Each structure stands twice: as structure tokens, then as C-alpha cells.
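The file work_15.pdb contains PDB, C-alpha atoms, pLDDT in the B column:
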```
ATOM      1  CA  MET O   1       0.000   0.000   0.000  1.00 88.00           C
ATOM      2  CA  LEU O   2       2.709   2.526   0.880  1.00 91.00           C
ATOM      3  CA  ALA O   3       4.380   3.891  -2.247  1.00 93.00           C
ATOM      4  CA  GLY O   4       7.562   5.546  -0.970  1.00 92.00           C
ATOM      5  CA  LEU O   5       8.772   8.502   1.043  1.00 93.00           C
ATOM      6  CA  ASN O   6       6.404  11.477   0.871  1.00 92.00           C
ATOM      7  CA  HIS O   7       8.037  14.143   3.034  1.00 94.00           C
ATOM      8  CA  LEU O   8      10.161  14.788   6.100  1.00 95.00           C
ATOM      9  CA  THR O   9       9.086  17.172   8.834  1.00 94.00           C
ATOM     10  CA  LEU O  10      11.816  18.481  11.109  1.00 92.00           C
ATOM     11  CA  ALA O  11      11.157  20.306  14.364  1.00 90.00           C
ATOM     12  CA  ILE O  12      13.496  23.302  14.463  1.00 91.00           C
ATOM     13  CA  THR O  13      14.197  26.177  16.859  1.00 89.00           C
ATOM     14  CA  ASP O  14      15.227  29.014  14.499  1.00 92.00           C
ATOM     15  CA  LEU O  15      13.354  29.235  11.199  1.00 95.00           C
ATOM     16  CA  GLN O  16      15.657  31.602   9.313  1.00 96.00           C
ATOM     17  CA  ARG O  17      18.787  29.760  10.427  1.00 94.00           C
ATOM     18  CA  SER O  18      17.320  26.475   9.200  1.00 95.00           C
ATOM     19  CA  ILE O  19      16.120  27.955   5.900  1.00 96.00           C
ATOM     20  CA  ASP O  20      19.584  29.407   5.310  1.00 96.00           C
ATOM     21  CA  PHE O  21      21.212  26.042   6.066  1.00 93.00           C
ATOM     22  CA  TYR O  22      19.016  24.014   3.741  1.00 94.00           C
ATOM     23  CA  VAL O  23      18.943  26.612   0.935  1.00 96.00           C
ATOM     24  CA  GLU O  24      22.516  27.923   0.995  1.00 96.00           C
ATOM     25  CA  LEU O  25      24.443  24.827   2.042  1.00 91.00           C
ATOM     26  CA  LEU O  26      22.336  21.948   0.725  1.00 91.00           C
ATOM     27  CA  ALA O  27      20.738  23.689  -2.297  1.00 94.00           C
ATOM     28  CA  PHE O  28      17.108  23.099  -1.353  1.00 95.00           C
ATOM     29  CA  ARG O  29      14.573  25.356  -3.078  1.00 98.00           C
ATOM     30  CA  LEU O  30      12.358  27.445  -0.782  1.00 98.00           C
ATOM     31  CA  ARG O  31       8.729  27.023  -1.903  1.00 98.00           C
ATOM     32  CA  ALA O  32       6.824  28.718   0.956  1.00 98.00           C
ATOM     33  CA  ARG O  33       7.456  30.259   4.354  1.00 98.00           C
ATOM     34  CA  TRP O  34       5.135  31.361   7.174  1.00 97.00           C
ATOM     35  CA  ALA O  35       5.481  32.513  10.770  1.00 95.00           C
ATOM     36  CA  SER O  36       6.202  29.047  12.178  1.00 95.00           C
ATOM     37  CA  GLY O  37       7.516  27.003   9.272  1.00 97.00           C
ATOM     38  CA  ALA O  38       8.573  26.528   5.683  1.00 98.00           C
ATOM     39  CA  TYR O  39       8.256  24.101   2.798  1.00 98.00           C
ATOM     40  CA  LEU O  40      11.401  23.330   0.813  1.00 97.00           C
ATOM     41  CA  GLU O  41      12.118  21.002  -2.081  1.00 97.00           C
ATOM     42  CA  LEU O  42      15.133  19.069  -3.322  1.00 94.00           C
ATOM     43  CA  GLY O  43      14.396  16.950  -6.372  1.00 92.00           C
ATOM     44  CA  GLU O  44      11.458  14.776  -5.337  1.00 89.00           C
ATOM     45  CA  LEU O  45      12.001  15.404  -1.605  1.00 91.00           C
ATOM     46  CA  TRP O  46       9.526  17.647   0.218  1.00 94.00           C
ATOM     47  CA  LEU O  47      10.924  19.033   3.486  1.00 95.00           C
ATOM     48  CA  CYS O  48       8.771  20.767   6.073  1.00 95.00           C
ATOM     49  CA  LEU O  49      10.507  22.871   8.735  1.00 95.00           C
ATOM     50  CA  SER O  50       8.284  23.376  11.787  1.00 93.00           C
ATOM     51  CA  VAL O  51       9.274  25.712  14.622  1.00 93.00           C
ATOM     52  CA  ASP O  52       9.237  23.968  17.994  1.00 87.00           C
ATOM     53  CA  ALA O  53      11.087  26.323  20.328  1.00 76.00           C
ATOM     54  CA  ASP O  54      10.940  23.951  23.308  1.00 74.00           C
ATOM     55  CA  ARG O  55      12.078  20.669  21.772  1.00 65.00           C
ATOM     56  CA  SER O  56      13.515  19.530  25.139  1.00 64.00           C
ATOM     57  CA  ALA O  57      10.077  19.383  26.814  1.00 66.00           C
ATOM     58  CA  GLY O  58       9.212  16.038  25.224  1.00 67.00           C
ATOM     59  CA  PRO O  59       8.662  14.518  21.810  1.00 73.00           C
ATOM     60  CA  ASP O  60       8.787  17.089  19.054  1.00 80.00           C
ATOM     61  CA  TYR O  61       7.033  17.244  15.686  1.00 83.00           C
ATOM     62  CA  THR O  62       9.824  15.558  13.694  1.00 90.00           C
ATOM     63  CA  HIS O  63       8.377  12.692  11.664  1.00 93.00           C
ATOM     64  CA  TYR O  64       8.725  10.721   8.445  1.00 93.00           C
ATOM     65  CA  ALA O  65       5.821  10.519   6.005  1.00 93.00           C
ATOM     66  CA  PHE O  66       5.145   7.854   3.405  1.00 93.00           C
ATOM     67  CA  SER O  67       3.016   8.284   0.287  1.00 94.00           C
ATOM     68  CA  LEU O  68      -0.281   6.483   0.097  1.00 93.00           C
ATOM     69  CA  ALA O  69      -2.954   6.492  -2.614  1.00 95.00           C
ATOM     70  CA  GLN O  70      -6.360   7.841  -1.608  1.00 95.00           C
ATOM     71  CA  THR O  71      -7.927   4.515  -2.583  1.00 97.00           C
ATOM     72  CA  ASP O  72      -5.690   2.697  -0.070  1.00 96.00           C
ATOM     73  CA  PHE O  73      -6.028   5.125   2.838  1.00 96.00           C
ATOM     74  CA  ALA O  74      -9.002   3.633   4.727  1.00 95.00           C
ATOM     75  CA  ALA O  75      -7.717   0.069   4.342  1.00 95.00           C
ATOM     76  CA  PHE O  76      -4.238   1.072   5.547  1.00 94.00           C
ATOM     77  CA  ALA O  77      -5.581   2.907   8.616  1.00 94.00           C
ATOM     78  CA  ALA O  78      -7.857  -0.045   9.473  1.00 94.00           C
ATOM     79  CA  HIS O  79      -5.004  -2.523   8.971  1.00 94.00           C
ATOM     80  CA  ALA O  80      -2.713  -0.518  11.270  1.00 93.00           C
ATOM     81  CA  ALA O  81      -5.429  -0.159  13.930  1.00 92.00           C
ATOM     82  CA  ALA O  82      -6.158  -3.906  13.767  1.00 94.00           C
ATOM     83  CA  HIS O  83      -2.485  -4.503  14.592  1.00 93.00           C
ATOM     84  CA  GLY O  84      -2.597  -2.228  17.633  1.00 93.00           C
ATOM     85  CA  VAL O  85      -0.572   0.601  16.094  1.00 93.00           C
ATOM     86  CA  LYS O  86      -0.664   3.678  18.305  1.00 93.00           C
ATOM     87  CA  GLU O  87      -1.811   6.934  16.713  1.00 94.00           C
ATOM     88  CA  TRP O  88       0.155  10.006  17.896  1.00 91.00           C
ATOM     89  CA  LYS O  89      -1.702  12.857  16.213  1.00 89.00           C
ATOM     90  CA  SER O  90      -4.977  13.647  14.466  1.00 89.00           C
ATOM     91  CA  ASN O  91      -4.832  15.076  10.968  1.00 86.00           C
ATOM     92  CA  ARG O  92      -5.568  18.802  10.624  1.00 80.00           C
ATOM     93  CA  SER O  93      -4.004  19.571   7.245  1.00 82.00           C
ATOM     94  CA  GLU O  94      -4.657  19.009   3.553  1.00 84.00           C
ATOM     95  CA  GLY O  95      -4.828  15.419   2.392  1.00 86.00           C
ATOM     96  CA  ASP O  96      -5.729  12.399   4.482  1.00 92.00           C
ATOM     97  CA  SER O  97      -3.015  11.430   6.954  1.00 94.00           C
ATOM     98  CA  PHE O  98      -2.638   8.685   9.513  1.00 95.00           C
ATOM     99  CA  TYR O  99       0.010   9.533  12.136  1.00 94.00           C
ATOM    100  CA  PHE O 100       1.359   6.483  13.945  1.00 92.00           C
ATOM    101  CA  LEU O 101       4.291   5.174  15.974  1.00 91.00           C
ATOM    102  CA  ASP O 102       6.624   2.320  15.127  1.00 88.00           C
ATOM    103  CA  PRO O 103       7.592  -0.157  17.886  1.00 78.00           C
ATOM    104  CA  ASP O 104      10.437   2.121  19.039  1.00 77.00           C
ATOM    105  CA  GLY O 105       8.284   5.248  19.162  1.00 86.00           C
ATOM    106  CA  HIS O 106       9.473   6.832  15.910  1.00 89.00           C
ATOM    107  CA  ARG O 107       6.799   9.155  14.583  1.00 92.00           C
ATOM    108  CA  LEU O 108       5.526   8.143  11.162  1.00 93.00           C
ATOM    109  CA  GLU O 109       2.772   9.301   8.837  1.00 93.00           C
ATOM    110  CA  ALA O 110       0.930   7.770   5.889  1.00 95.00           C
ATOM    111  CA  HIS O 111      -0.092  10.755   3.742  1.00 94.00           C
ATOM    112  CA  VAL O 112      -2.306  11.213   0.703  1.00 95.00           C
ATOM    113  CA  GLY O 113      -1.101  14.237  -1.234  1.00 92.00           C
ATOM    114  CA  SER O 114       2.030  16.017  -2.354  1.00 91.00           C
ATOM    115  CA  LEU O 115       3.868  19.283  -1.879  1.00 93.00           C
ATOM    116  CA  GLU O 116       1.968  20.660  -4.883  1.00 94.00           C
ATOM    117  CA  SER O 117      -1.436  19.726  -3.440  1.00 93.00           C
ATOM    118  CA  ARG O 118      -0.420  21.209  -0.070  1.00 92.00           C
ATOM    119  CA  LEU O 119       0.724  24.471  -1.675  1.00 95.00           C
ATOM    120  CA  ALA O 120      -2.495  24.680  -3.725  1.00 95.00           C
ATOM    121  CA  GLN O 121      -4.536  24.373  -0.513  1.00 94.00           C
ATOM    122  CA  CYS O 122      -2.301  26.909   1.241  1.00 94.00           C
ATOM    123  CA  ARG O 123      -2.911  29.403  -1.576  1.00 96.00           C
ATOM    124  CA  LEU O 124      -6.638  29.110  -0.785  1.00 95.00           C
ATOM    125  CA  GLN O 125      -6.169  29.202   3.001  1.00 94.00           C
ATOM    126  CA  PRO O 126      -2.661  30.475   3.814  1.00 95.00           C
ATOM    127  CA  TYR O 127      -1.035  30.011   7.205  1.00 94.00           C
ATOM    128  CA  ALA O 128      -0.346  33.189   9.206  1.00 93.00           C
ATOM    129  CA  GLY O 129       2.228  35.343   7.385  1.00 95.00           C
ATOM    130  CA  MET O 130       2.609  32.882   4.504  1.00 96.00           C
ATOM    131  CA  GLU O 131       4.684  33.808   1.443  1.00 96.00           C
ATOM    132  CA  PHE O 132       5.124  31.713  -1.706  1.00 97.00           C
ATOM    133  CA  PHE O 133       8.301  31.444  -3.791  1.00 95.00           C
ATOM    134  CA  ASP O 134       7.683  30.183  -7.322  1.00 85.00           C
TER
END
```
So that I can check it, write out the structure of this file as C-alpha cells.
Amino acid sequence: MLAGLNHLTLAITDLQRSIDFYVELLAFRLRARWASGAYLELGELWLCLSVDADRSAGPDYTHYAFSLAQTDFAAFAAHAAAHGVKEWKSNRSEGDSFYFLDPDGHRLEAHVGSLESRLAQCRLQPYAGMEFFD
């Protein structure tokens, strides 16, 4: 059912410092930025930077997302639940997502959608202070 890596989300403490690192050093392309995050791209990789100023207080928002077709979403979520997989977050963004933990507590996500579908939704309902870079 899973089709490959969809995106990485990294919890960061300083947005501009992280954007500079990924853009200037690693040659990522900045696609959008808002008050508490940014979307960057490198080839097929979609990277989300998410400000989490107090990362030491417990688990942060860093997670790894896998692509999943819309037609497989319900079956995947039911299959995971039937195997006792623990959900760590409810979806609040564009595209269906199932957020779950692996046996060692790594935060994972099965996501329907792409960076392009996310940006299209953000153009309709932008996050606070959002800018787009095309």
C-alpha cells in the first residue's frame, strides 16, 4: 500500500537559520514560508521545517511521512489499527493522513497528497504570514 517517502518534517528552533542552512548549504529550493515554518524542495524530496522552540520538553514534531494512494487510505488505517498501532496525532491539514508510531516510538505518517497539493490548498487558506516562492 505505501508507495515511498512522501516528506520529512523536522522540528526546528530558528526558522531563518534552518532555511539558510538548507537553501545555501544543501541547495534546497524554498517554496513557501510562514510565521512558524517553511516548505522546501530538493528533487522529489519535500521538506517541512516546523518551529518547535521547546524541543527539550518532550517529543517534538519531527516525523517521516510515506506516500499512500487515496484509494488505499481507509484500508491502511484499518489494517494498522487492527495490529494495535498507536496513533500520535490527528490530521488537521490538507490530504488524508494517519500519524502512527513504530515499535520504538518513531513518529511516522501515511499521507495522501504532495507538496503541490499542499501548496495549492495553502494558496486558498494560507497560514499566518505565509509567502510563496515560485
Counting all atoms listed in the file, the residue among O:Gly37, O:Gly105, O:Gly95, O:Pro126 that lies closest to Phe73 in chain O is O:Gly95
Answer key for the PyMOL selection byres ((chain O and resi 10) around 10), residues as a list in words
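Going through the file, the PyMOL selection byres ((chain O and resi 10) around 10) ends up selecting His7, Leu8, Thr9, Ala11, Ile12, Thr13, Ser18, Gly37, Leu47, Cys48, Leu49, Ser50, Val51, Asp52, Asp60, Tyr61, Thr62, His63 and Tyr64 of chain O.
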Can you write out the residues you just picked, keeping C-alpha atoms, as an mmCIF file, keeping the file's coordinate frame?
```cif
data_model
loop_
_atom_site.group_PDB
_atom_site.id
_atom_site.type_symbol
_atom_site.label_atom_id
_atom_site.label_comp_id
_atom_site.auth_asym_id
_atom_site.auth_seq_id
_atom_site.Cartn_x
_atom_site.Cartn_y
_atom_site.Cartn_z
ATOM 1 C CA HIS O 7 8.037 14.143 3.034
ATOM 2 C CA LEU O 8 10.161 14.788 6.100
ATOM 3 C CA THR O 9 9.086 17.172 8.834
ATOM 4 C CA ALA O 11 11.157 20.306 14.364
ATOM 5 C CA ILE O 12 13.496 23.302 14.463
ATOM 6 C CA THR O 13 14.197 26.177 16.859
ATOM 7 C CA SER O 18 17.320 26.475 9.200
ATOM 8 C CA GLY O 37 7.516 27.003 9.272
ATOM 9 C CA LEU O 47 10.924 19.033 3.486
ATOM 10 C CA CYS O 48 8.771 20.767 6.073
ATOM 11 C CA LEU O 49 10.507 22.871 8.735
ATOM 12 C CA SER O 50 8.284 23.376 11.787
ATOM 13 C CA VAL O 51 9.274 25.712 14.622
ATOM 14 C CA ASP O 52 9.237 23.968 17.994
ATOM 15 C CA ASP O 60 8.787 17.089 19.054
ATOM 16 C CA TYR O 61 7.033 17.244 15.686
ATOM 17 C CA THR O 62 9.824 15.558 13.694
ATOM 18 C CA HIS O 63 8.377 12.692 11.664
ATOM 19 C CA TYR O 64 8.725 10.721 8.445
#
```
Residue with the minimum atom-to-atom distance to Phe21 in chain O, picked from O:Arg118, O:Asn6, O:Leu40, O:Glu131 with all atoms listed in the file counted, is O:Leu40
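If you count all atoms listed in the file and ignore residues fewer than 4 places along the chain from Leu42 in chain O, what sits within 10 Å of it is Tyr22, Val23, Leu26, Ala27, Phe28, Arg29, Leu30, Trp46 and Leu47 of chain O.
The interatomic distance for the pair CA of Phe76 in chain O and CA of Glu109 in chain O works out to 11.3 Å.
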Could you expand the PyMOL selection byres ((chain O and resi 119) around 12) into the explicit residues it covers here, written as a PyMOL selection string? chain O and resi 31-33+38-41+46+48+93-95+113-118+120-127+130-134
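Taking CA of Ala35 in chain O and CA of Gln16 in chain O as the two end points, the separation is 10.3 Å.
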